[in-house]
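Shown below: target-v4.txt, with compact mmCIF, C-alpha atoms.
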# COMPACT_ATOMS: atom_id res chain seq x y z
CA MET W 1 -6.90 12.86 -2.05
CA ASP W 2 -9.45 11.55 0.42
CA TYR W 3 -8.66 8.82 2.96
CA LYS W 4 -9.64 5.96 0.65
CA GLU W 5 -7.40 7.30 -2.12
CA LEU W 6 -4.52 7.68 0.32
CA GLU W 7 -5.04 4.11 1.53
CA GLN W 8 -4.91 2.81 -2.05
CA THR W 9 -1.80 4.86 -2.79
CA ALA W 10 -0.14 3.44 0.31
CA ARG W 11 -1.01 -0.08 -0.87
CA ASN W 12 0.53 0.68 -4.27
CA ILE W 13 3.68 1.92 -2.56
CA ARG W 14 3.88 -1.20 -0.39
CA ILE W 15 3.49 -3.41 -3.45
CA SER W 16 6.28 -1.52 -5.21
CA ILE W 17 8.52 -1.95 -2.15
CA ILE W 18 8.04 -5.72 -2.15
CA LYS W 19 8.63 -6.07 -5.88
CA ALA W 20 11.74 -3.88 -5.82
CA ILE W 21 13.36 -5.66 -2.88
CA ASN W 22 12.57 -9.06 -4.34
CA ALA W 23 14.15 -8.02 -7.67
CA ALA W 24 17.22 -6.74 -5.82
CA GLY W 25 17.61 -9.84 -3.69
CA SER W 26 18.43 -7.62 -0.71
CA GLY W 27 17.00 -4.65 1.13
CA HIS W 28 14.93 -3.59 4.11
CA PRO W 29 11.23 -4.39 3.82
CA GLY W 30 10.13 -4.22 7.48
CA GLY W 31 10.79 -0.55 8.19
CA SER W 32 9.86 0.48 4.65
CA LEU W 33 6.39 -1.05 5.02
CA SER W 34 5.84 0.34 8.53
CA ALA W 35 6.29 3.96 7.43
CA ALA W 36 4.41 3.75 4.11
CA ASP W 37 1.27 5.49 5.40
CA ILE W 38 3.29 8.35 6.87
CA VAL W 39 5.24 8.90 3.66
CA THR W 40 2.08 8.61 1.56
CA ALA W 41 0.44 11.37 3.62
CA LEU W 42 3.52 13.55 3.17
CA TYR W 43 3.97 13.12 -0.57
CA PHE W 44 0.31 13.10 -1.58
CA LYS W 45 -1.34 15.49 0.88
CA GLU W 46 0.97 17.48 3.12
CA MET W 47 4.07 18.58 1.23
CA ASN W 48 4.38 21.30 -1.39
CA ILE W 49 6.38 19.45 -4.05
CA ASP W 50 6.18 19.17 -7.82
CA ALA W 51 7.63 16.31 -9.86
CA GLY W 52 7.77 18.67 -12.83
CA ASN W 53 9.84 21.21 -10.89
CA PRO W 54 11.76 19.25 -8.22
CA LYS W 55 14.07 22.18 -7.39
CA ALA W 56 11.36 24.81 -6.83
CA GLU W 57 12.73 27.51 -4.55
CA ASP W 58 10.05 27.36 -1.86
CA ARG W 59 9.37 23.62 -1.98
CA ASP W 60 8.99 21.51 1.14
CA LYS W 61 11.75 18.96 1.68
CA PHE W 62 11.64 15.39 2.95
CA ILE W 63 14.72 13.80 4.52
CA LEU W 64 14.80 10.04 5.04
CA SER W 65 17.09 9.88 8.05
CA LYS W 66 16.52 6.10 8.30
CA GLY W 67 18.17 5.78 4.91
CA HIS W 68 17.98 1.99 4.80
CA ALA W 69 14.26 2.46 4.04
CA GLY W 70 15.26 3.80 0.64
CA PRO W 71 12.81 1.46 -1.16
CA LEU W 72 9.99 3.37 0.54
CA GLN W 73 11.19 6.76 -0.67
CA TYR W 74 11.85 5.44 -4.16
CA ALA W 75 8.39 3.88 -4.35
CA ALA W 76 6.76 7.14 -3.22
CA LEU W 77 8.77 9.21 -5.71
CA ALA W 78 7.85 6.85 -8.54
CA GLU W 79 4.18 6.90 -7.51
CA LYS W 80 4.35 10.71 -7.50
CA GLY W 81 5.82 10.78 -11.00
CA PHE W 82 9.44 11.73 -10.33
CA PHE W 83 10.58 8.76 -12.42
CA PRO W 84 8.91 5.72 -14.06
CA LYS W 85 7.72 2.96 -11.75
CA GLU W 86 9.43 0.45 -14.04
CA ASP W 87 12.77 1.80 -12.78
CA LEU W 88 12.12 0.40 -9.30
CA VAL W 89 13.27 -3.10 -10.25
CA GLY W 90 16.76 -1.66 -10.71
CA LEU W 91 17.08 -1.25 -6.94
CA ARG W 92 20.58 -2.02 -5.65
CA LYS W 93 21.86 -3.06 -9.06
CA LEU W 94 25.45 -2.12 -9.85
CA GLY W 95 25.56 1.29 -11.54
CA ASN W 96 21.83 1.93 -11.03
CA LYS W 97 20.63 5.26 -9.62
CA LEU W 98 18.49 3.48 -7.01
CA GLN W 99 21.13 2.36 -4.58
CA GLY W 100 20.50 0.82 -1.16
CA HIS W 101 20.50 4.27 0.43
CA PRO W 102 19.15 7.43 -1.24
CA ASP W 103 21.62 9.44 -3.34
CA MET W 104 20.73 13.12 -3.86
CA LYS W 105 23.06 13.36 -6.85
CA LYS W 106 21.36 10.58 -8.79
CA VAL W 107 17.65 10.65 -7.92
CA ALA W 108 15.34 13.61 -8.50
CA GLY W 109 13.35 14.37 -5.37
CA VAL W 110 15.97 13.05 -2.95
CA GLU W 111 17.05 16.08 -0.95
CA MET W 112 19.89 14.48 1.02
CA SER W 113 22.00 11.35 0.78
CA THR W 114 21.44 9.40 4.00
CA GLY W 115 22.34 6.12 5.62
CA SER W 116 24.51 6.84 8.64
CA LEU W 117 21.81 6.96 11.31
CA GLY W 118 21.21 10.30 13.00
CA GLN W 119 22.90 12.42 10.36
CA GLY W 120 19.77 12.96 8.27
CA PHE W 121 18.03 14.37 11.32
CA SER W 122 20.93 16.73 12.02
CA ILE W 123 20.97 17.89 8.40
CA SER W 124 17.23 18.53 8.47
CA GLY W 125 17.76 20.97 11.34
CA GLY W 126 20.37 22.80 9.29
CA MET W 127 17.99 22.98 6.33
CA ALA W 128 15.20 24.36 8.53
CA LEU W 129 17.54 26.98 9.99
CA ALA W 130 18.74 27.96 6.50
CA ASN W 131 15.13 28.44 5.37
CA LYS W 132 14.49 30.65 8.39
CA LEU W 133 17.55 32.78 7.65
CA ASP W 134 16.68 33.02 3.95
CA GLN W 135 13.02 33.70 4.75
CA LYS W 136 11.85 30.79 2.61
CA GLU W 137 8.40 29.30 3.04
CA GLY W 138 9.45 25.68 2.59
CA ARG W 139 9.06 23.29 5.51
CA ILE W 140 11.37 20.41 6.38
CA TYR W 141 10.07 16.93 7.19
CA VAL W 142 12.36 14.18 8.46
CA LEU W 143 11.60 10.52 9.14
CA LEU W 144 13.55 8.66 11.82
CA GLY W 145 13.48 5.06 12.95
CA ASP W 146 12.91 4.35 16.63
CA GLY W 147 16.21 2.47 16.95
CA GLU W 148 17.86 5.52 15.42
CA LEU W 149 17.01 7.45 18.58
CA GLN W 150 19.78 5.48 20.29
CA GLU W 151 22.27 7.70 18.41
CA GLY W 152 23.61 10.57 20.51
CA ILE W 153 23.74 12.87 17.50
CA VAL W 154 19.92 12.81 17.41
CA TRP W 155 19.66 14.50 20.77
CA GLU W 156 22.33 17.10 19.99
CA ALA W 157 20.31 18.00 16.90
CA ALA W 158 17.05 18.03 18.89
CA MET W 159 18.56 20.44 21.38
CA SER W 160 19.81 22.71 18.59
CA ALA W 161 16.47 22.75 16.74
CA ALA W 162 14.61 23.79 19.89
CA HIS W 163 17.22 26.47 20.66
CA TYR W 164 16.69 28.06 17.24
CA LYS W 165 12.89 27.73 17.51
CA LEU W 166 12.59 25.85 14.22
CA ASN W 167 8.83 25.61 13.92
CA ASN W 168 9.33 24.84 10.20
CA LEU W 169 10.84 21.46 11.15
CA VAL W 170 8.74 18.31 11.68
CA ALA W 171 10.31 15.03 12.75
CA VAL W 172 8.28 11.83 12.43
CA ILE W 173 9.45 8.84 14.45
CA ASP W 174 8.49 5.48 12.95
CA TRP W 175 7.96 3.68 16.26
CA ASN W 176 7.48 0.03 15.31
CA GLY W 177 9.37 -1.21 18.37
CA LEU W 178 11.86 -3.35 16.46
CA GLN W 179 15.35 -2.91 15.04
CA ILE W 180 17.86 -5.21 13.39
CA ASP W 181 18.87 -6.87 16.68
CA GLY W 182 15.36 -7.29 18.06
CA LYS W 183 13.09 -5.23 20.32
CA ASN W 184 14.13 -1.66 21.16
CA ASP W 185 13.31 -2.42 24.78
CA ASP W 186 15.86 -5.26 24.80
CA VAL W 187 18.62 -3.54 22.82
CA MET W 188 18.42 -0.06 24.36
CA THR W 189 15.03 1.32 25.32
CA VAL W 190 14.03 4.62 23.72
CA LYS W 191 10.93 5.17 25.86
CA PRO W 192 9.34 7.56 26.65
CA ILE W 193 9.87 9.14 23.21
CA ASP W 194 7.29 11.91 23.46
CA GLU W 195 8.43 13.00 26.91
CA LYS W 196 12.06 13.04 25.82
CA PHE W 197 11.30 15.39 22.92
CA ARG W 198 9.23 17.65 25.18
CA ALA W 199 12.12 17.78 27.63
CA PHE W 200 14.33 18.95 24.75
CA GLY W 201 11.91 21.79 23.98
CA TRP W 202 9.82 20.25 21.21
CA ASN W 203 6.11 20.07 20.64
CA ALA W 204 5.36 16.32 20.71
CA ILE W 205 2.31 14.51 19.33
CA SER W 206 1.59 10.78 19.67
CA ILE W 207 -0.50 9.09 16.97
CA ASP W 208 -1.41 5.83 15.27
CA GLY W 209 0.95 5.85 12.29
CA HIS W 210 -1.49 3.88 10.15
CA ASP W 211 -4.49 6.17 10.65
CA PHE W 212 -4.56 8.84 7.94
CA GLU W 213 -6.90 11.09 9.89
CA GLN W 214 -4.52 11.13 12.85
CA ILE W 215 -1.47 11.57 10.61
CA LEU W 216 -2.93 14.55 8.76
CA ASP W 217 -4.29 16.13 11.96
CA ALA W 218 -0.77 15.90 13.44
CA PHE W 219 0.72 17.69 10.42
CA LYS W 220 -1.97 20.35 10.76
CA GLU W 221 -1.13 20.82 14.44
CA ALA W 222 2.57 21.06 13.56
CA ARG W 223 1.86 23.86 11.09
CA ALA W 224 -0.04 25.77 13.76
CA CYS W 225 2.72 25.38 16.36
CA LYS W 226 4.81 28.52 16.81
CA GLY W 227 8.25 28.91 18.32
CA LYS W 228 9.29 25.26 18.46
CA PRO W 229 9.79 22.21 16.21
CA THR W 230 7.34 19.32 16.30
CA ALA W 231 8.01 15.61 16.82
CA ILE W 232 5.26 13.22 15.72
CA VAL W 233 5.65 9.87 17.48
CA ALA W 234 3.88 7.43 15.17
CA GLN W 235 3.08 3.99 16.57
CA THR W 236 3.45 1.57 13.65
CA VAL W 237 3.71 -2.13 12.83
CA LYS W 238 6.96 -3.44 11.37
CA GLY W 239 6.21 -5.07 8.03
CA LYS W 240 2.68 -3.61 7.96
CA GLY W 241 0.35 -5.21 5.45
CA VAL W 242 2.18 -8.51 5.01
CA SER W 243 1.11 -11.19 7.50
CA PHE W 244 4.40 -13.07 7.80
CA MET W 245 6.44 -9.86 8.08
CA GLU W 246 4.37 -8.01 10.66
CA ASN W 247 6.08 -7.56 14.05
CA ASN W 248 8.95 -9.77 12.93
CA ALA W 249 12.44 -8.32 13.40
CA GLY W 250 13.80 -10.97 11.04
CA TRP W 251 12.34 -8.97 8.15
CA HIS W 252 14.28 -5.82 9.04
CA GLY W 253 16.85 -6.44 6.32
CA LYS W 254 15.92 -9.56 4.36
CA ALA W 255 14.52 -9.85 0.84
CA PRO W 256 11.51 -12.08 0.22
CA SER W 257 11.84 -15.00 -2.16
CA GLU W 258 9.67 -14.94 -5.27
CA GLU W 259 7.09 -17.17 -3.58
CA GLU W 260 7.05 -14.96 -0.48
CA ALA W 261 6.90 -11.81 -2.61
CA LYS W 262 3.94 -13.16 -4.57
CA GLN W 263 2.11 -13.91 -1.32
CA ALA W 264 2.91 -10.43 0.02
CA VAL W 265 1.68 -8.70 -3.12
CA SER W 266 -1.48 -10.79 -3.07
CA GLU W 267 -2.16 -9.87 0.57
CA LEU W 268 -1.72 -6.21 -0.37
CA GLY W 269 -4.32 -6.57 -3.09
CA GLY W 270 -1.93 -6.37 -6.01
CA GLU W 271 -0.98 -8.51 -8.96
CA TRP W 272 2.37 -10.14 -9.56
Will you turn the file into structure tokens for me?
Amino acid sequence: MDYKELEQTARNIRISIIKAINAAGSGHPGGSLSAADIVTALYFKEMNIDAGNPKAEDRDKFILSKGHAGPLQYAALAEKGFFPKEDLVGLRKLGNKLQGHPDMKKVAGVEMSTGSLGQGFSISGGMALANKLDQKEGRIYVLLGDGELQEGIVWEAAMSAAHYKLNNLVAVIDWNGLQIDGKNDDVMTVKPIDEKFRAFGWNAISIDGHDFEQILDAFKEARACKGKPTAIVAQTVKGKGVSFMENNAGWHGKAPSEEEAKQAVSELGGEW
């Protein structure tokens, strides 16, 4: 895919996110929309994955450590062909496979059940270490929220990954500056993110998380890095692509009404 194709795919994913959360009547649109470009680049350009063979031995793996952004992962998996896009409207319905947080036992392409913040990041380090020990080619990619960095378990895992020189591990931080209670800087500042990861022994790259050229260049740099894991600090906009959601912490965990959803889909260039 070229940049224009990636941009269109990201728009499709954002539209699916809005429709799914509206159908559910609950969910987390803000942080799902902010990371859509990052996840699009991973699923449609960077990662070695195959919807027809989701358990391939040497596949790359994606871990959504910020598990509340499940609608984003589901939308990307559906867009990639892991399951029909029509299934997305079953989000959060009782008995449906698409629960509020990803479930590895129910959804093909979900590598780890996540939701308790920080644990997905820790697990990704274990997966990367296992691949090293088993001499597998697969790389591990993990997406964290910026507020998630307030969890102590994140920094224990960061220390461990650097100790074991896990250059097959890439962490992407969705730095939109907002969490459920407001601004990171007001709740508990996480700055400076890049310097913190460097201090823990990581290669750290700062990018615009909505610029596909920068995103893909960062993944390329991560592949070339030897002897240490890479953290990509991606500056993003909460609720990206929807005017009334952008930079608004109130949309962290609130579903749009049908009227709001129609406006959002229209702004994204889609049809209701």
Expected residue set, 10 Å radius at (4.4, -9.8, 4.8), all atoms listed in the file, as a list in words: Ile18, Pro29, Gly30, Leu33, Lys238, Gly239, Lys240, Gly241, Val242, Ser243, Phe244, Met245, Glu246, Asn247, Asn248, Trp251, Pro256, Glu260, Ala261, Lys262, Gln263, Ala264, Val265, Ser266, Glu267 and Leu268 of chain W
Test item: residues at most 9 Å from W:Ile13, only C-alpha atoms, excluding those fewer than 6 positions along its chain, as a ChimeraX atom specification: /W:33,36,40,72,75-76,78-79
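Between W:His101 and the residues W:Lys80, W:Arg11, W:Lys132, W:Lys66, the shortest atom-to-atom distance, using only C-alpha atoms, involves W:Lys66.
Those residues that approach W:Ala130 to within 12 Å, counting all atoms listed in the file, are Ile123, Ser124, Gly125, Gly126, Met127, Ala128, Lys132, Leu133, Asp134, Gln135, Lys136, Glu137, Gly138, Arg139, Ile140, Ala161, Tyr164, Leu166, Asn168 and Leu169 of chain W; same-chain residues fewer than 2 positions away are not listed.
Nearest to W:Met47 of all the residues W:Lys93, W:His210, W:Lys61, W:Lys226 is W:Lys61, counting only C-alpha atoms.
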Of the listed residues W:Asn131, W:Phe82, W:Gly145, W:Gly118, that which approaches W:Ala157 most closely, counting all atoms listed in the file: W:Gly118
Near-W:Gly52 list (12 Å; all atoms listed in the file; drop same-chain fewer than 4 positions) as a list of chain:residue names: W:Ala56, W:Leu77, W:Lys80, W:Gly81, W:Phe82, W:Phe83, W:Ala108, W:Gly109
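Distances here use only C-alpha atoms; by that measure, the residue among W:Asp181, W:Asp103, W:Asn53, W:Trp175 closest to W:Ser206 is W:Trp175.
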Coordinates-based distance that separates atom CA of W:Leu144 from atom CA of W:Gly120 (Å, one decimal): 8.4 Å
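Considering all atoms listed in the file, the residue among W:Val172, W:Leu178, W:Ile232, W:Ala158 positioned nearest to W:Gly253 is W:Leu178.
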Surrounding residues of stretch 187-195 of chain W excluding itself and chain neighbours under 4 positions, 8 Å, only C-alpha atoms, as a ChimeraX atom specification: /W:146-147,149-150,181-183,199,204-206,231,233
Counting all atoms listed in the file, the residue of W:Ser257, W:Asn12, W:Thr236, W:Gln179 that sits nearest W:Ser34: W:Thr236
Tell me, counting all atoms listed in the file, for each residue of stretch 80-118 of chain W within 10 Å of stretch 19-22 of chain W, which pair of atoms is nearest and how far apart they are in Å to one decimal, in rows ordered by chain and increasing number, as a tab-separated table.
residue	atom	partner	partner_atom	distance
W:Lys85	CA	W:Ala20	CA	9.9
W:Glu86	CA	W:Ala20	CA	9.6
W:Asp87	CA	W:Ala20	CA	9.0
W:Leu88	CA	W:Ala20	CA	5.5
W:Val89	CA	W:Ala20	CA	4.8
W:Gly90	CA	W:Ala20	CA	7.4
W:Leu91	CA	W:Ala20	CA	6.1
W:Arg92	CA	W:Ile21	CA	8.5
W:Gly100	CA	W:Ile21	CA	9.8
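The interatomic distance for the pair atom CA of W:Glu151 and atom CA of W:Leu117 works out to 7.2 Å.
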